[in-house]
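For reference, run-v5.cif is printed below; it contains mmCIF, C-alpha atoms.
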```cif
data_work
loop_
_atom_site.group_PDB
_atom_site.id
_atom_site.type_symbol
_atom_site.label_atom_id
_atom_site.label_comp_id
_atom_site.auth_asym_id
_atom_site.auth_seq_id
_atom_site.Cartn_x
_atom_site.Cartn_y
_atom_site.Cartn_z
ATOM 1 C CA MET A 1 198.154 -150.408 -42.648
ATOM 2 C CA LYS A 2 196.882 -148.257 -45.480
ATOM 3 C CA VAL A 3 197.478 -144.503 -45.652
ATOM 4 C CA THR A 4 195.394 -142.451 -48.076
ATOM 5 C CA ILE A 5 196.859 -139.065 -48.973
ATOM 6 C CA LEU A 6 194.674 -136.261 -50.332
ATOM 7 C CA GLN A 7 195.764 -134.292 -53.356
ATOM 8 C CA PHE A 8 194.197 -130.952 -54.312
ATOM 9 C CA PRO A 9 195.356 -128.736 -57.163
ATOM 10 C CA GLY A 10 198.371 -127.030 -55.562
ATOM 11 C CA THR A 11 199.182 -129.749 -53.038
ATOM 12 C CA ASN A 12 202.932 -130.398 -53.139
ATOM 13 C CA CYS A 13 203.814 -132.623 -50.168
ATOM 14 C CA GLU A 14 201.842 -135.712 -51.203
ATOM 15 C CA TYR A 15 204.890 -137.551 -52.574
ATOM 16 C CA ASP A 16 207.092 -136.736 -49.554
ATOM 17 C CA THR A 17 204.268 -137.958 -47.329
ATOM 18 C CA GLU A 18 203.896 -141.120 -49.397
ATOM 19 C CA HIS A 19 207.667 -141.725 -49.236
ATOM 20 C CA ALA A 20 207.653 -141.238 -45.454
ATOM 21 C CA PHE A 21 204.815 -143.666 -44.782
ATOM 22 C CA LYS A 22 206.180 -146.220 -47.254
ATOM 23 C CA SER A 23 209.526 -146.130 -45.457
ATOM 24 C CA LEU A 24 207.618 -147.079 -42.293
ATOM 25 C CA GLY A 25 206.060 -150.037 -44.062
ATOM 26 C CA ALA A 26 202.589 -148.672 -44.818
ATOM 27 C CA LYS A 27 200.645 -149.121 -48.032
ATOM 28 C CA THR A 28 199.747 -145.782 -49.568
ATOM 29 C CA GLU A 29 197.359 -144.260 -52.083
ATOM 30 C CA ILE A 30 197.226 -140.718 -53.363
ATOM 31 C CA LEU A 31 193.604 -139.634 -53.713
ATOM 32 C CA TRP A 32 192.634 -136.849 -56.138
ATOM 33 C CA HIS A 33 190.202 -134.334 -54.610
ATOM 34 C CA LYS A 34 187.443 -135.140 -57.105
ATOM 35 C CA SER A 35 186.851 -138.483 -55.432
ATOM 36 C CA GLU A 36 183.560 -138.604 -53.577
ATOM 37 C CA VAL A 37 184.625 -141.489 -51.365
ATOM 38 C CA VAL A 38 187.471 -142.343 -49.028
ATOM 39 C CA PRO A 39 188.793 -145.838 -49.928
ATOM 40 C CA GLU A 40 187.285 -148.338 -47.515
ATOM 41 C CA ASP A 41 190.569 -149.918 -46.488
ATOM 42 C CA THR A 42 191.947 -146.536 -45.289
ATOM 43 C CA ASP A 43 193.443 -146.692 -41.779
ATOM 44 C CA LEU A 44 194.749 -143.118 -41.850
ATOM 45 C CA LEU A 45 193.785 -140.223 -44.086
ATOM 46 C CA VAL A 46 196.424 -137.519 -44.539
ATOM 47 C CA VAL A 47 195.658 -134.051 -45.830
ATOM 48 C CA ALA A 48 199.112 -133.232 -47.173
ATOM 49 C CA GLY A 49 200.866 -129.881 -47.258
ATOM 50 C CA GLY A 50 201.221 -127.429 -50.108
ATOM 51 C CA PHE A 51 199.179 -124.564 -51.465
ATOM 52 C CA SER A 52 195.768 -125.944 -52.349
ATOM 53 C CA TYR A 53 194.040 -123.620 -54.824
ATOM 54 C CA GLY A 54 197.001 -121.243 -54.632
ATOM 55 C CA ASP A 55 195.963 -120.211 -51.102
ATOM 56 C CA TYR A 56 193.416 -117.937 -52.800
ATOM 57 C CA LEU A 57 191.057 -116.058 -50.471
ATOM 58 C CA ARG A 58 192.546 -117.811 -47.402
ATOM 59 C CA SER A 59 194.748 -120.877 -47.036
ATOM 60 C CA GLY A 60 192.497 -123.926 -47.189
ATOM 61 C CA ALA A 61 189.307 -121.911 -47.764
ATOM 62 C CA ILE A 62 188.547 -123.212 -51.253
ATOM 63 C CA ALA A 63 189.738 -126.775 -50.663
ATOM 64 C CA LYS A 64 187.057 -127.327 -48.053
ATOM 65 C CA PHE A 65 184.461 -127.350 -50.850
ATOM 66 C CA SER A 66 186.242 -130.003 -52.919
ATOM 67 C CA PRO A 67 184.064 -133.077 -53.531
ATOM 68 C CA VAL A 68 186.302 -135.281 -51.391
ATOM 69 C CA MET A 69 185.841 -133.147 -48.268
ATOM 70 C CA LYS A 70 182.287 -134.363 -47.669
ATOM 71 C CA ALA A 71 183.632 -137.904 -47.594
ATOM 72 C CA VAL A 72 186.495 -136.821 -45.330
ATOM 73 C CA THR A 73 184.038 -135.243 -42.863
ATOM 74 C CA LYS A 74 181.943 -138.407 -42.882
ATOM 75 C CA TYR A 75 185.049 -140.525 -42.396
ATOM 76 C CA ALA A 76 186.199 -138.350 -39.468
ATOM 77 C CA ASN A 77 182.752 -138.307 -37.855
ATOM 78 C CA LYS A 78 182.725 -142.105 -37.915
ATOM 79 C CA GLY A 79 185.973 -142.071 -35.946
ATOM 80 C CA GLY A 80 188.394 -142.464 -38.875
ATOM 81 C CA LYS A 81 191.880 -141.114 -38.195
ATOM 82 C CA VAL A 82 192.778 -137.916 -40.072
ATOM 83 C CA LEU A 83 196.104 -136.037 -40.045
ATOM 84 C CA GLY A 84 196.496 -132.575 -41.570
ATOM 85 C CA ILE A 85 200.019 -131.329 -42.148
ATOM 86 C CA CYS A 86 200.675 -127.627 -42.846
ATOM 87 C CA ASN A 87 198.150 -126.707 -45.559
ATOM 88 C CA GLY A 88 196.285 -129.839 -44.475
ATOM 89 C CA PHE A 89 195.958 -128.331 -40.977
ATOM 90 C CA GLN A 90 194.614 -125.132 -42.543
ATOM 91 C CA VAL A 91 192.101 -127.130 -44.609
ATOM 92 C CA LEU A 92 190.896 -129.035 -41.519
ATOM 93 C CA THR A 93 190.353 -125.829 -39.495
ATOM 94 C CA GLU A 94 188.542 -124.204 -42.435
ATOM 95 C CA ALA A 95 186.364 -127.308 -42.743
ATOM 96 C CA GLY A 96 185.526 -127.115 -39.042
ATOM 97 C CA LEU A 97 187.090 -130.508 -38.277
ATOM 98 C CA LEU A 98 189.617 -128.843 -35.978
ATOM 99 C CA PRO A 99 189.126 -125.787 -33.722
ATOM 100 C CA GLY A 100 190.774 -122.413 -34.346
ATOM 101 C CA ALA A 101 192.252 -120.809 -37.453
ATOM 102 C CA LEU A 102 195.658 -120.121 -39.005
ATOM 103 C CA LYS A 103 196.553 -116.473 -39.587
ATOM 104 C CA ARG A 104 199.437 -114.842 -41.424
ATOM 105 C CA ASN A 105 202.731 -115.191 -39.490
ATOM 106 C CA GLU A 106 203.169 -112.290 -37.107
ATOM 107 C CA SER A 107 206.454 -111.300 -38.809
ATOM 108 C CA LEU A 108 204.646 -111.452 -42.192
ATOM 109 C CA HIS A 109 207.585 -113.534 -43.456
ATOM 110 C CA PHE A 110 207.376 -116.976 -45.012
ATOM 111 C CA LEU A 111 209.288 -119.223 -42.586
ATOM 112 C CA SER A 112 211.251 -122.201 -43.877
ATOM 113 C CA LYS A 113 213.634 -123.793 -41.364
ATOM 114 C CA HIS A 114 214.038 -126.493 -38.769
ATOM 115 C CA HIS A 115 212.294 -125.750 -35.483
ATOM 116 C CA HIS A 116 212.097 -127.535 -32.167
ATOM 117 C CA LEU A 117 208.759 -128.663 -30.824
ATOM 118 C CA LYS A 118 207.755 -129.841 -27.398
ATOM 119 C CA VAL A 119 205.298 -132.672 -26.951
ATOM 120 C CA VAL A 120 202.504 -131.392 -24.711
ATOM 121 C CA ASN A 121 200.085 -134.328 -24.746
ATOM 122 C CA ASN A 122 200.938 -137.849 -25.816
ATOM 123 C CA ASP A 123 197.753 -139.621 -24.727
ATOM 124 C CA ASN A 124 196.641 -139.950 -28.329
ATOM 125 C CA VAL A 125 197.345 -142.282 -31.228
ATOM 126 C CA PHE A 126 199.575 -139.741 -33.000
ATOM 127 C CA LEU A 127 202.187 -138.989 -30.321
ATOM 128 C CA LYS A 128 201.998 -142.070 -28.144
ATOM 129 C CA GLU A 129 205.518 -143.149 -29.181
ATOM 130 C CA LEU A 130 206.853 -139.971 -27.554
ATOM 131 C CA ASN A 131 206.719 -138.720 -23.970
ATOM 132 C CA SER A 132 205.179 -135.475 -22.789
ATOM 133 C CA GLY A 133 208.004 -132.951 -22.557
ATOM 134 C CA ASP A 134 210.065 -134.582 -25.314
ATOM 135 C CA VAL A 135 211.643 -132.131 -27.741
ATOM 136 C CA VAL A 136 211.707 -132.962 -31.450
ATOM 137 C CA ASN A 137 213.342 -131.170 -34.350
ATOM 138 C CA VAL A 138 211.096 -130.848 -37.409
ATOM 139 C CA PRO A 139 211.045 -128.480 -40.400
ATOM 140 C CA ILE A 140 208.444 -125.733 -40.682
ATOM 141 C CA ALA A 141 207.562 -124.074 -44.006
ATOM 142 C CA HIS A 142 204.613 -121.730 -43.898
ATOM 143 C CA HIS A 143 203.309 -118.210 -44.358
ATOM 144 C CA ASP A 144 200.032 -118.701 -42.518
ATOM 145 C CA GLY A 145 200.988 -120.699 -39.447
ATOM 146 C CA ASN A 146 199.940 -118.283 -36.739
ATOM 147 C CA TYR A 147 197.444 -120.374 -34.780
ATOM 148 C CA TYR A 148 194.542 -118.423 -33.334
ATOM 149 C CA ILE A 149 191.785 -119.494 -31.011
ATOM 150 C CA ASP A 150 189.734 -117.356 -28.642
ATOM 151 C CA GLU A 151 190.125 -117.529 -24.877
ATOM 152 C CA ASN A 152 187.264 -119.945 -24.244
ATOM 153 C CA GLY A 153 188.395 -122.185 -27.080
ATOM 154 C CA LEU A 154 191.906 -122.246 -25.637
ATOM 155 C CA LYS A 155 190.630 -123.220 -22.193
ATOM 156 C CA GLU A 156 188.703 -126.056 -23.758
ATOM 157 C CA LEU A 157 191.782 -127.245 -25.665
ATOM 158 C CA TYR A 158 193.769 -127.482 -22.439
ATOM 159 C CA ALA A 159 190.915 -129.040 -20.485
ATOM 160 C CA ASN A 160 190.596 -131.859 -23.033
ATOM 161 C CA ASN A 161 194.345 -132.362 -23.622
ATOM 162 C CA GLN A 162 193.937 -131.261 -27.243
ATOM 163 C CA VAL A 163 197.168 -129.252 -27.423
ATOM 164 C CA LEU A 164 199.648 -131.649 -29.029
ATOM 165 C CA LEU A 165 202.788 -129.637 -29.737
ATOM 166 C CA LYS A 166 204.280 -126.243 -28.945
ATOM 167 C CA TYR A 167 207.173 -124.416 -30.576
ATOM 168 C CA CYS A 168 210.275 -124.255 -28.390
ATOM 169 C CA ASP A 169 214.073 -124.028 -28.443
ATOM 170 C CA ALA A 170 216.477 -126.987 -28.236
ATOM 171 C CA GLU A 171 216.128 -127.031 -24.434
ATOM 172 C CA GLY A 172 212.352 -127.093 -24.576
ATOM 173 C CA LYS A 173 211.871 -123.464 -23.548
ATOM 174 C CA GLU A 174 208.963 -121.807 -25.343
ATOM 175 C CA LYS A 175 210.075 -120.037 -28.523
ATOM 176 C CA ASN A 176 207.422 -118.693 -30.830
ATOM 177 C CA PRO A 177 208.339 -118.313 -34.523
ATOM 178 C CA ASN A 178 205.015 -117.132 -35.903
ATOM 179 C CA GLY A 179 202.874 -115.537 -33.201
ATOM 180 C CA SER A 180 200.679 -118.569 -32.492
ATOM 181 C CA VAL A 181 198.532 -118.377 -29.362
ATOM 182 C CA ASP A 182 200.614 -119.998 -26.561
ATOM 183 C CA ALA A 183 203.144 -121.063 -29.256
ATOM 184 C CA ILE A 184 200.805 -123.883 -30.297
ATOM 185 C CA ALA A 185 202.086 -125.882 -33.290
ATOM 186 C CA GLY A 186 199.527 -128.687 -33.381
ATOM 187 C CA VAL A 187 196.135 -129.664 -31.967
ATOM 188 C CA CYS A 188 193.581 -132.433 -32.200
ATOM 189 C CA ASN A 189 189.798 -132.579 -31.932
ATOM 190 C CA LYS A 190 187.969 -133.538 -28.752
ATOM 191 C CA GLU A 191 187.482 -137.127 -29.919
ATOM 192 C CA LYS A 192 191.245 -137.399 -30.639
ATOM 193 C CA ASN A 193 190.914 -138.836 -34.111
ATOM 194 C CA VAL A 194 191.592 -135.666 -36.135
ATOM 195 C CA PHE A 195 195.075 -134.149 -35.842
ATOM 196 C CA GLY A 196 196.640 -131.037 -37.331
ATOM 197 C CA LEU A 197 200.064 -129.451 -37.160
ATOM 198 C CA MET A 198 201.978 -126.825 -39.119
ATOM 199 C CA PRO A 199 205.430 -128.514 -38.975
ATOM 200 C CA HIS A 200 206.337 -131.276 -41.436
ATOM 201 C CA PRO A 201 207.187 -134.613 -39.743
ATOM 202 C CA GLU A 202 207.303 -136.255 -43.198
ATOM 203 C CA ARG A 203 210.372 -134.096 -43.930
ATOM 204 C CA ALA A 204 212.196 -135.353 -40.831
ATOM 205 C CA MET A 205 212.587 -139.038 -41.656
ATOM 206 C CA GLU A 206 216.351 -139.401 -42.174
ATOM 207 C CA ALA A 207 219.189 -138.096 -39.979
ATOM 208 C CA ILE A 208 221.302 -137.383 -43.044
ATOM 209 C CA LEU A 209 218.671 -134.858 -44.135
ATOM 210 C CA GLY A 210 218.749 -133.010 -40.823
ATOM 211 C CA SER A 211 216.487 -134.984 -38.499
ATOM 212 C CA SER A 212 214.735 -138.303 -38.140
ATOM 213 C CA ASP A 213 212.388 -137.145 -35.370
ATOM 214 C CA GLY A 214 209.413 -137.425 -37.703
ATOM 215 C CA VAL A 215 209.720 -141.214 -37.617
ATOM 216 C CA LYS A 216 208.564 -141.468 -34.001
ATOM 217 C CA MET A 217 205.688 -139.107 -34.716
ATOM 218 C CA LEU A 218 204.292 -140.833 -37.794
ATOM 219 C CA GLN A 219 204.982 -144.295 -36.378
ATOM 220 C CA GLY A 220 202.306 -143.743 -33.770
ATOM 221 C CA PHE A 221 199.682 -144.237 -36.456
ATOM 222 C CA LEU A 222 201.199 -147.531 -37.564
ATOM 223 C CA GLN A 223 201.183 -149.047 -34.123
ATOM 224 C CA ALA A 224 197.502 -148.838 -33.379
ATOM 225 C CA MET B 1 172.988 -105.309 -58.517
ATOM 226 C CA LYS B 2 176.338 -105.137 -56.827
ATOM 227 C CA ALA B 3 177.489 -106.213 -53.415
ATOM 228 C CA ILE B 4 180.606 -104.882 -51.776
ATOM 229 C CA VAL B 5 181.959 -107.122 -49.056
ATOM 230 C CA ASN B 6 184.680 -105.921 -46.697
ATOM 231 C CA VAL B 7 186.477 -108.520 -44.626
ATOM 232 C CA PHE B 8 188.671 -107.541 -41.685
ATOM 233 C CA LEU B 9 190.276 -109.336 -38.768
ATOM 234 C CA LYS B 10 188.096 -109.075 -35.677
ATOM 235 C CA ALA B 11 188.853 -106.435 -33.080
ATOM 236 C CA GLY B 12 191.152 -108.137 -30.597
ATOM 237 C CA VAL B 13 192.793 -110.346 -33.229
ATOM 238 C CA LEU B 14 196.244 -108.925 -33.922
ATOM 239 C CA ASP B 15 196.479 -107.467 -37.437
ATOM 240 C CA SER B 16 200.194 -107.802 -38.265
ATOM 241 C CA GLN B 17 199.794 -106.283 -41.722
ATOM 242 C CA GLY B 18 197.983 -103.259 -40.296
ATOM 243 C CA LYS B 19 200.762 -102.858 -37.744
ATOM 244 C CA ALA B 20 203.463 -103.057 -40.423
ATOM 245 C CA VAL B 21 201.684 -100.485 -42.598
ATOM 246 C CA HIS B 22 201.259 -98.233 -39.550
ATOM 247 C CA HIS B 23 205.009 -98.391 -38.854
ATOM 248 C CA ALA B 24 205.767 -97.672 -42.509
ATOM 249 C CA LEU B 25 203.488 -94.630 -42.456
ATOM 250 C CA GLU B 26 205.220 -93.348 -39.334
ATOM 251 C CA SER B 27 208.600 -93.851 -40.958
ATOM 252 C CA ILE B 28 207.571 -91.524 -43.786
ATOM 253 C CA HIS B 29 206.451 -88.953 -41.216
ATOM 254 C CA PHE B 30 202.684 -89.410 -41.091
ATOM 255 C CA SER B 31 202.720 -89.114 -37.343
ATOM 256 C CA ASN B 32 199.000 -88.501 -36.904
ATOM 257 C CA VAL B 33 197.863 -92.013 -37.839
ATOM 258 C CA GLU B 34 196.416 -93.737 -34.788
ATOM 259 C CA ASP B 35 195.566 -97.167 -36.124
ATOM 260 C CA VAL B 36 195.679 -99.103 -39.397
ATOM 261 C CA ARG B 37 193.646 -102.175 -40.270
ATOM 262 C CA VAL B 38 194.325 -104.078 -43.478
ATOM 263 C CA GLY B 39 191.531 -106.197 -44.915
ATOM 264 C CA LYS B 40 190.147 -107.200 -48.244
ATOM 265 C CA GLN B 41 187.298 -106.079 -50.422
ATOM 266 C CA ILE B 42 185.315 -108.489 -52.548
ATOM 267 C CA ILE B 43 183.012 -107.013 -55.190
ATOM 268 C CA LEU B 44 180.207 -109.219 -56.444
ATOM 269 C CA LYS B 45 177.953 -108.598 -59.421
ATOM 270 C CA ILE B 46 174.700 -110.368 -58.699
ATOM 271 C CA ASN B 47 171.854 -111.210 -61.023
ATOM 272 C CA GLU B 48 169.100 -110.405 -58.541
ATOM 273 C CA SER B 49 166.521 -107.629 -58.331
ATOM 274 C CA ASP B 50 165.318 -108.227 -54.775
ATOM 275 C CA GLU B 51 167.628 -106.350 -52.445
ATOM 276 C CA LYS B 52 166.633 -108.394 -49.395
ATOM 277 C CA LYS B 53 167.270 -111.649 -51.212
ATOM 278 C CA ALA B 54 170.667 -110.384 -52.391
ATOM 279 C CA MET B 55 171.564 -109.395 -48.828
ATOM 280 C CA ALA B 56 170.529 -112.798 -47.511
ATOM 281 C CA ASP B 57 172.509 -114.581 -50.218
ATOM 282 C CA VAL B 58 175.678 -112.540 -49.683
ATOM 283 C CA THR B 59 175.424 -113.012 -45.908
ATOM 284 C CA LYS B 60 175.350 -116.754 -46.486
ATOM 285 C CA MET B 61 178.331 -116.461 -48.857
ATOM 286 C CA CYS B 62 180.270 -114.615 -46.154
ATOM 287 C CA GLU B 63 179.410 -117.167 -43.480
ATOM 288 C CA GLU B 64 180.307 -120.128 -45.686
ATOM 289 C CA LEU B 65 183.270 -118.912 -47.691
ATOM 290 C CA LEU B 66 184.158 -115.226 -48.008
ATOM 291 C CA ALA B 67 185.078 -114.751 -44.340
ATOM 292 C CA ASN B 68 186.408 -117.096 -41.685
ATOM 293 C CA THR B 69 184.242 -116.029 -38.784
ATOM 294 C CA VAL B 70 186.657 -117.548 -36.264
ATOM 295 C CA ILE B 71 189.020 -114.641 -36.946
ATOM 296 C CA GLU B 72 187.229 -112.247 -39.312
ATOM 297 C CA ASP B 73 184.267 -109.863 -39.361
ATOM 298 C CA TYR B 74 182.574 -108.728 -42.550
ATOM 299 C CA THR B 75 180.366 -105.903 -43.749
ATOM 300 C CA ILE B 76 178.077 -105.966 -46.775
ATOM 301 C CA GLU B 77 176.913 -103.056 -48.861
ATOM 302 C CA ILE B 78 174.315 -103.632 -51.573
ATOM 303 C CA ILE B 79 174.343 -101.164 -54.465
ATOM 304 C CA LYS B 80 171.507 -101.061 -56.973
#
```

Entire entry expressed as C-alpha cells:
Amino acid sequence: MKVTILQFPGTNCEYDTEHAFKSLGAKTEILWHKSEVVPEDTDLLVVAGGFSYGDYLRSGAIAKFSPVMKAVTKYANKGGKVLGICNGFQVLTEAGLLPGALKRNESLHFLSKHHHLKVVNNDNVFLKELNSGDVVNVPIAHHDGNYYIDENGLKELYANNQVLLKYCDAEGKEKNPNGSVDAIAGVCNKEKNVFGLMPHPERAMEAILGSSDGVKMLQGFLQA
Amino acid sequence: MKAIVNVFLKAGVLDSQGKAVHHALESIHFSNVEDVRVGKQIILKINESDEKKAMADVTKMCEELLANTVIEDYTIEIIK
C-alpha cells in the first residue's frame, strides 16, 4: 500500500499525515506540487491540510492551478482514490472534483478543537471499517469549513449516499460548529473514489493524544 | 485599460461577515441600515485596447479563478 501526499507551498499537515499512514503500515511519499505526474504505484493520493498559497483569494483557489492538479484530476477520473483533508477538501471542491464549496465559518471564528462526528454512509472504501451511526471524536481546525451546496445538489448527495460525516455531540445528536448545510463534515463524489472532509483523522491516531478514532477511518483505505 | 471586479456571495447564501458588520453598525446607533453585504474588489490593469476583448477575458478570469460560482456572483466594470 503506497500513499502519496501532496505538498503545496503553505501545506502543513503532510508530515502528520505521513506519520499516521506509516503507523498503519503504509509506504508513503510526499509529492511537491510542481510534479506533473502522480507516482504510478500510488494506491491513495492525499491532499493534506494546511494553508496552500496562504489561503489567498479563497482557500484552495490558487492550488487548483498547480501543475500537479492536472495529474490529480486524471488520476481521479481513472478511478484512483483521492482523500482531501481540511485544506485538501477545499482544494478538491475548488478543482471541481467534489461538489459544493467551503465558506467562512458562520461564527467568523477560527475553530480548533475536538469535535464529534457521526458516520452517515459507510458503503465506501473510506468508512467501511465503521458502521453508519457510529460517533467518532476527531479534531477540527479551520476558518473556512462551512460547507455549502444548493438545494438540488444536496438532494443529489443524499440520493447517491455521498454524505459521509456530519458534526454531532457525543451522543450523536446533530451539533453544528460552523454553519455547514445539514451539519455536513465530509462528502464524496458520485463514483465514490474522491473523498473530502474538514476534520483531521490523521490527528486522532493515539489515545494518549486525545483520540484514536482516526485509525478506523484511515484504515479503510489500507484494507481494500 | 482597467477592469474592476466585484465579488459577492450569491443572494440566498448567508453572508456572515455582512451580518456581523450590520450588527456592529446597529450597536453604534446606525439604526437605518437594512442590509449589509461584504465582498471583495479586484482591480486589474490590462494591456488591451479592445473593450469587448477585455470584457471577455475578465469574464473568463472570473469563471476560472476570481470567483467561485458555486457560492459567489461577480460584476465587471471596464474603465478606459

Residues of chain B within 8 Å of chain A, all atoms listed in the file counted, as a PyMOL selection string = chain B and resi 16-17+65-66+68+70-71

Excluding Lys60 in chain B and residues on its chain fewer than 6 positions from it, collect all residues at most 12 Å away from it, counting all atoms listed in the file, and give them as a list in words.
->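 Those residues are Val5, Lys53, Ala54, Leu66, Ala67, Thr69, Tyr74 and Ile76 of chain B.
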
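Computed from the coordinates, the CA of Thr11 in chain A to CA of Gly84 in chain A distance equals 12.1 Å.
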
Answer key for the PyMOL selection byres ((chain A and resi 188-199) around 8), residues as a short mmCIF file (atom, residue, chain, number, x, y, z; two decimals) with C-alpha atoms, keeping the file's coordinate frame:
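Written file, result.cif:
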```cif
data_model
loop_
_atom_site.label_atom_id
_atom_site.label_comp_id
_atom_site.auth_asym_id
_atom_site.auth_seq_id
_atom_site.Cartn_x
_atom_site.Cartn_y
_atom_site.Cartn_z
CA ALA A 76 186.20 -138.35 -39.47
CA GLY A 79 185.97 -142.07 -35.95
CA GLY A 80 188.39 -142.46 -38.88
CA LYS A 81 191.88 -141.11 -38.20
CA VAL A 82 192.78 -137.92 -40.07
CA LEU A 83 196.10 -136.04 -40.04
CA GLY A 84 196.50 -132.57 -41.57
CA ILE A 85 200.02 -131.33 -42.15
CA CYS A 86 200.68 -127.63 -42.85
CA ASN A 87 198.15 -126.71 -45.56
CA GLY A 88 196.28 -129.84 -44.48
CA PHE A 89 195.96 -128.33 -40.98
CA LEU A 92 190.90 -129.04 -41.52
CA LEU A 97 187.09 -130.51 -38.28
CA LEU A 98 189.62 -128.84 -35.98
CA PRO A 99 189.13 -125.79 -33.72
CA ASN A 124 196.64 -139.95 -28.33
CA VAL A 125 197.34 -142.28 -31.23
CA PHE A 126 199.58 -139.74 -33.00
CA VAL A 138 211.10 -130.85 -37.41
CA PRO A 139 211.04 -128.48 -40.40
CA ILE A 140 208.44 -125.73 -40.68
CA ALA A 141 207.56 -124.07 -44.01
CA HIS A 142 204.61 -121.73 -43.90
CA GLY A 145 200.99 -120.70 -39.45
CA LEU A 157 191.78 -127.24 -25.66
CA ASN A 160 190.60 -131.86 -23.03
CA GLN A 162 193.94 -131.26 -27.24
CA VAL A 163 197.17 -129.25 -27.42
CA LEU A 164 199.65 -131.65 -29.03
CA LEU A 165 202.79 -129.64 -29.74
CA ALA A 185 202.09 -125.88 -33.29
CA GLY A 186 199.53 -128.69 -33.38
CA VAL A 187 196.14 -129.66 -31.97
CA HIS A 200 206.34 -131.28 -41.44
CA PRO A 201 207.19 -134.61 -39.74
#
```

Got a sec: who's within 9 Å of Phe8 in chain B, counting only C-alpha atoms, leaving out chain neighbours fewer than 6 positions off, as a PyMOL selection string?
-> chain B and resi 15+37-41+67+71-75

Give me the residues near range 68-75 of chain A as a CSV table (one decimal) with C-alpha atoms, in the frame of the given file, where near means some atom within 6 Å (using only C-alpha atoms) and where sequence neighbours in that chain fewer than 3 positions away do not count.
```csv
chain,number,residue,atom,x,y,z
A,33,HIS,CA,190.2,-134.3,-54.6
A,34,LYS,CA,187.4,-135.1,-57.1
A,35,SER,CA,186.9,-138.5,-55.4
A,36,GLU,CA,183.6,-138.6,-53.6
A,37,VAL,CA,184.6,-141.5,-51.4
A,64,LYS,CA,187.1,-127.3,-48.1
A,78,LYS,CA,182.7,-142.1,-37.9
A,80,GLY,CA,188.4,-142.5,-38.9
```
